[in-house]
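Student: Hey, dropping run35.csv in here, CSV, C-alpha atoms:
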```csv
chain,number,residue,atom,x,y,z
A,746,MET,CA,120.6,113.5,72.9
A,747,SER,CA,122.4,116.1,74.9
A,748,LEU,CA,121.1,117.3,78.3
A,749,GLN,CA,120.0,120.9,78.2
A,750,LEU,CA,120.3,122.9,81.4
A,751,GLY,CA,118.3,125.9,82.3
A,752,LYS,CA,117.8,128.2,85.2
A,753,PHE,CA,115.0,129.5,87.3
A,754,ALA,CA,116.0,132.5,89.3
A,755,LEU,CA,114.4,134.7,92.0
A,756,VAL,CA,116.2,138.1,92.3
A,757,ALA,CA,115.4,140.7,94.9
A,758,LEU,CA,114.7,144.1,93.4
A,759,ASP,CA,115.0,146.3,96.5
A,760,ARG,CA,118.0,144.7,98.2
A,761,PRO,CA,120.9,142.3,97.5
A,762,GLY,CA,119.8,138.7,97.2
A,763,ALA,CA,119.1,136.1,94.6
A,764,VAL,CA,118.6,132.3,94.4
A,765,VAL,CA,119.3,130.5,91.1
A,766,PHE,CA,118.0,126.9,90.6
A,767,GLN,CA,119.8,124.9,88.0
A,768,TYR,CA,117.6,122.3,86.3
A,769,ALA,CA,117.5,119.9,83.4
A,770,PHE,CA,114.7,120.6,81.0
A,771,GLU,CA,113.9,116.8,81.0
A,772,HIS,CA,113.3,116.7,84.8
A,773,PHE,CA,111.8,119.8,86.5
A,774,PRO,CA,110.0,122.0,87.0
A,775,ARG,CA,107.2,119.9,85.6
A,776,GLN,CA,105.0,122.9,85.2
A,777,ILE,CA,104.9,126.6,85.9
A,778,GLY,CA,101.3,127.9,86.4
A,779,VAL,CA,100.3,131.5,85.9
A,780,ASN,CA,96.9,132.7,87.2
A,781,SER,CA,95.5,136.1,86.3
A,782,ARG,CA,92.2,137.5,87.6
A,783,ALA,CA,90.2,140.7,87.0
A,784,ASN,CA,87.6,141.5,89.8
A,785,TRP,CA,84.2,142.6,88.6
A,786,SER,CA,81.0,143.3,90.6
A,787,PRO,CA,77.5,144.0,89.5
A,788,GLN,CA,76.1,147.6,89.9
A,789,THR,CA,72.9,147.9,91.8
A,790,ARG,CA,70.0,148.6,89.6
A,791,THR,CA,66.3,148.3,90.3
A,792,ILE,CA,65.2,147.7,86.7
A,793,GLY,CA,66.8,145.6,84.0
A,794,SER,CA,70.0,143.6,84.2
A,795,GLN,CA,72.9,144.7,86.4
A,796,PRO,CA,75.9,145.8,84.4
A,797,LEU,CA,79.3,144.8,85.7
A,798,PHE,CA,81.7,147.3,87.2
A,799,TYR,CA,85.5,146.9,87.1
A,800,ASN,CA,86.9,146.9,90.6
A,801,ASN,CA,90.6,146.1,90.3
A,802,ARG,CA,93.1,143.5,89.1
A,803,ALA,CA,94.3,140.8,91.5
A,804,PRO,CA,98.0,140.2,91.5
A,805,LEU,CA,99.4,137.7,89.0
A,806,ARG,CA,100.1,134.3,90.7
A,807,ILE,CA,102.8,132.0,89.6
A,808,THR,CA,102.9,128.5,91.0
A,809,ILE,CA,105.8,126.2,90.7
A,810,ASP,CA,105.3,122.7,92.1
A,811,GLU,CA,108.9,121.5,92.3
A,812,LEU,CA,112.4,123.0,92.2
A,813,TRP,CA,115.5,121.3,93.4
A,814,LEU,CA,118.7,122.4,95.1
A,815,ASP,CA,121.3,119.6,94.6
A,816,LYS,CA,125.0,119.8,95.2
A,817,THR,CA,125.8,116.1,95.7
A,818,GLU,CA,128.3,116.2,92.9
A,819,THR,CA,130.4,118.9,94.6
A,820,ASN,CA,129.7,117.7,98.1
A,821,GLU,CA,128.6,121.2,99.2
A,822,SER,CA,125.9,122.1,101.6
A,823,ILE,CA,122.7,123.6,100.3
A,824,ARG,CA,122.0,125.4,103.7
A,825,PRO,CA,123.3,128.8,102.4
A,826,ASP,CA,120.8,128.4,99.4
A,827,ILE,CA,117.9,127.6,101.7
A,828,SER,CA,118.8,130.5,104.0
A,829,ALA,CA,119.0,132.9,100.9
A,830,LEU,CA,115.6,131.6,99.7
A,831,LEU,CA,113.9,132.1,103.1
A,832,ALA,CA,115.5,135.6,103.3
A,833,LEU,CA,113.5,136.5,100.1
A,834,GLN,CA,110.3,136.4,102.2
A,835,VAL,CA,111.4,138.8,104.9
A,836,GLU,CA,109.3,141.9,104.9
A,837,ARG,CA,110.8,145.3,104.1
A,838,LEU,CA,112.0,147.2,107.2
A,839,ASN,CA,109.6,149.8,108.5
A,840,GLU,CA,107.1,149.1,105.7
A,841,GLY,CA,105.6,145.7,106.6
A,842,THR,CA,105.4,144.9,102.9
A,843,PRO,CA,106.9,141.9,101.1
A,844,PRO,CA,110.1,142.3,99.1
A,845,VAL,CA,109.5,142.6,95.3
A,846,LEU,CA,111.3,139.9,93.4
A,847,LEU,CA,111.9,139.2,89.7
A,848,ALA,CA,111.3,135.6,88.7
A,849,ILE,CA,113.2,134.7,85.6
A,850,TRP,CA,112.9,131.5,83.6
A,851,GLY,CA,113.7,131.0,79.9
A,852,GLU,CA,112.6,134.2,78.1
A,853,ASN,CA,110.0,135.0,80.8
A,854,GLN,CA,110.4,137.6,83.5
A,855,GLU,CA,107.7,138.5,86.1
A,856,ARG,CA,107.7,140.8,89.2
A,857,VAL,CA,106.5,138.6,92.1
A,858,VAL,CA,106.5,138.2,95.9
A,859,LEU,CA,107.3,134.9,97.5
A,860,GLU,CA,104.1,133.8,99.4
A,861,GLU,CA,104.8,130.2,100.3
A,862,ILE,CA,107.8,127.9,100.5
A,863,ASN,CA,107.7,124.2,101.3
A,864,ILE,CA,111.1,122.5,101.8
A,865,GLU,CA,111.5,118.8,101.7
A,866,GLU,CA,115.0,117.4,102.3
A,867,GLN,CA,116.0,114.1,100.8
A,868,PHE,CA,119.1,112.3,102.1
A,869,PHE,CA,121.0,109.7,100.0
A,870,MET,CA,123.5,107.1,101.2
```
Kindly transcribe the structure held in the file into structure tokens.

Tutor:
Amino acid sequence: MSLQLGKFALVALDRPGAVVFQYAFEHFPRQIGVNSRANWSPQTRTIGSQPLFYNNRAPLRITIDELWLDKTETNESIRPDISALLALQVERLNEGTPPVLLAIWGENQERVVLEEINIEEQFFM
């Protein structure tokens, strides 16, 4: 059985910047969750049932539990990749809004903003 490699990429749409995670399909990410929500509220009525009124649509949320940056085979530092990833969260100048990114994995592409990053470093002897 051959090892298939894929990519998960975050690409900035309004400025230069991208981070590409290489991964083996057998290992990670274990799951990519997508959450979509429509907001409805009841209309005020004095008689009968209250019909629902469409308010708006909440942003699509994508959750990825685990992505790895690993360059042990080439003995390179992953610091530049971590810095590039953190730079994807820096707000747009003079706007105070998050940068819009394109998340790409397999045949999927979604416009996203990067809300939360948790970095865990593992060191090997």

Student: So what do you get for atom CA of Asp759 of chain A versus atom CA of Asp810 of chain A, distance-wise?

Tutor: 25.9 Å

Student: State, in Å with one decimal place, the distance from atom CA of Leu758 of chain A to atom CA of Pro844 of chain A.

Tutor: 7.5 Å

Student: Contacts of Val845 of chain A at 10 Å or less, counting only C-alpha atoms, minus same-chain residues fewer than 6 places along, as JSON, numbers by chain?

Tutor: {"A": [755, 756, 757, 758, 759, 760, 833, 834, 836, 837, 856, 857, 858, 859]}

Student: One decimal, Å: what's the distance from atom CA of Asn863 of chain A over to atom CA of Arg802 of chain A, could you say?

Tutor: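 These atoms are spaced 27.1 Å apart.
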
Student: With distances taken over all atoms listed in the file, which residue among A:Trp785, A:Glu852, A:Trp813, A:Ala803 lies nearest Ile827 of chain A?

Tutor: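 Once distances to Ile827 of chain A are computed over all atoms listed in the file, the minimum belongs to A:Trp813.
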
Student: Please provide as a list in words all residues within 12 Å of Ser828 of chain A, with the sequence filter that same-chain residues fewer than 3 positions apart are discarded (counting all atoms listed in the file).

Tutor: Gly762, Ala763, Val764, Ser822, Ile823, Arg824, Pro825, Leu831, Ala832, Leu833, Gln834, Val835, Ile862 and Ile864 of chain A

Student: Pick out the closest residue to Lys816 of chain A from this set: A:Phe766, A:Lys752, A:Thr842, A:Gly778. Count only C-alpha atoms.

Tutor: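 Going through A:Phe766, A:Lys752, A:Thr842, A:Gly778 one by one, the smallest distance to Lys816 of chain A is for A:Phe766.
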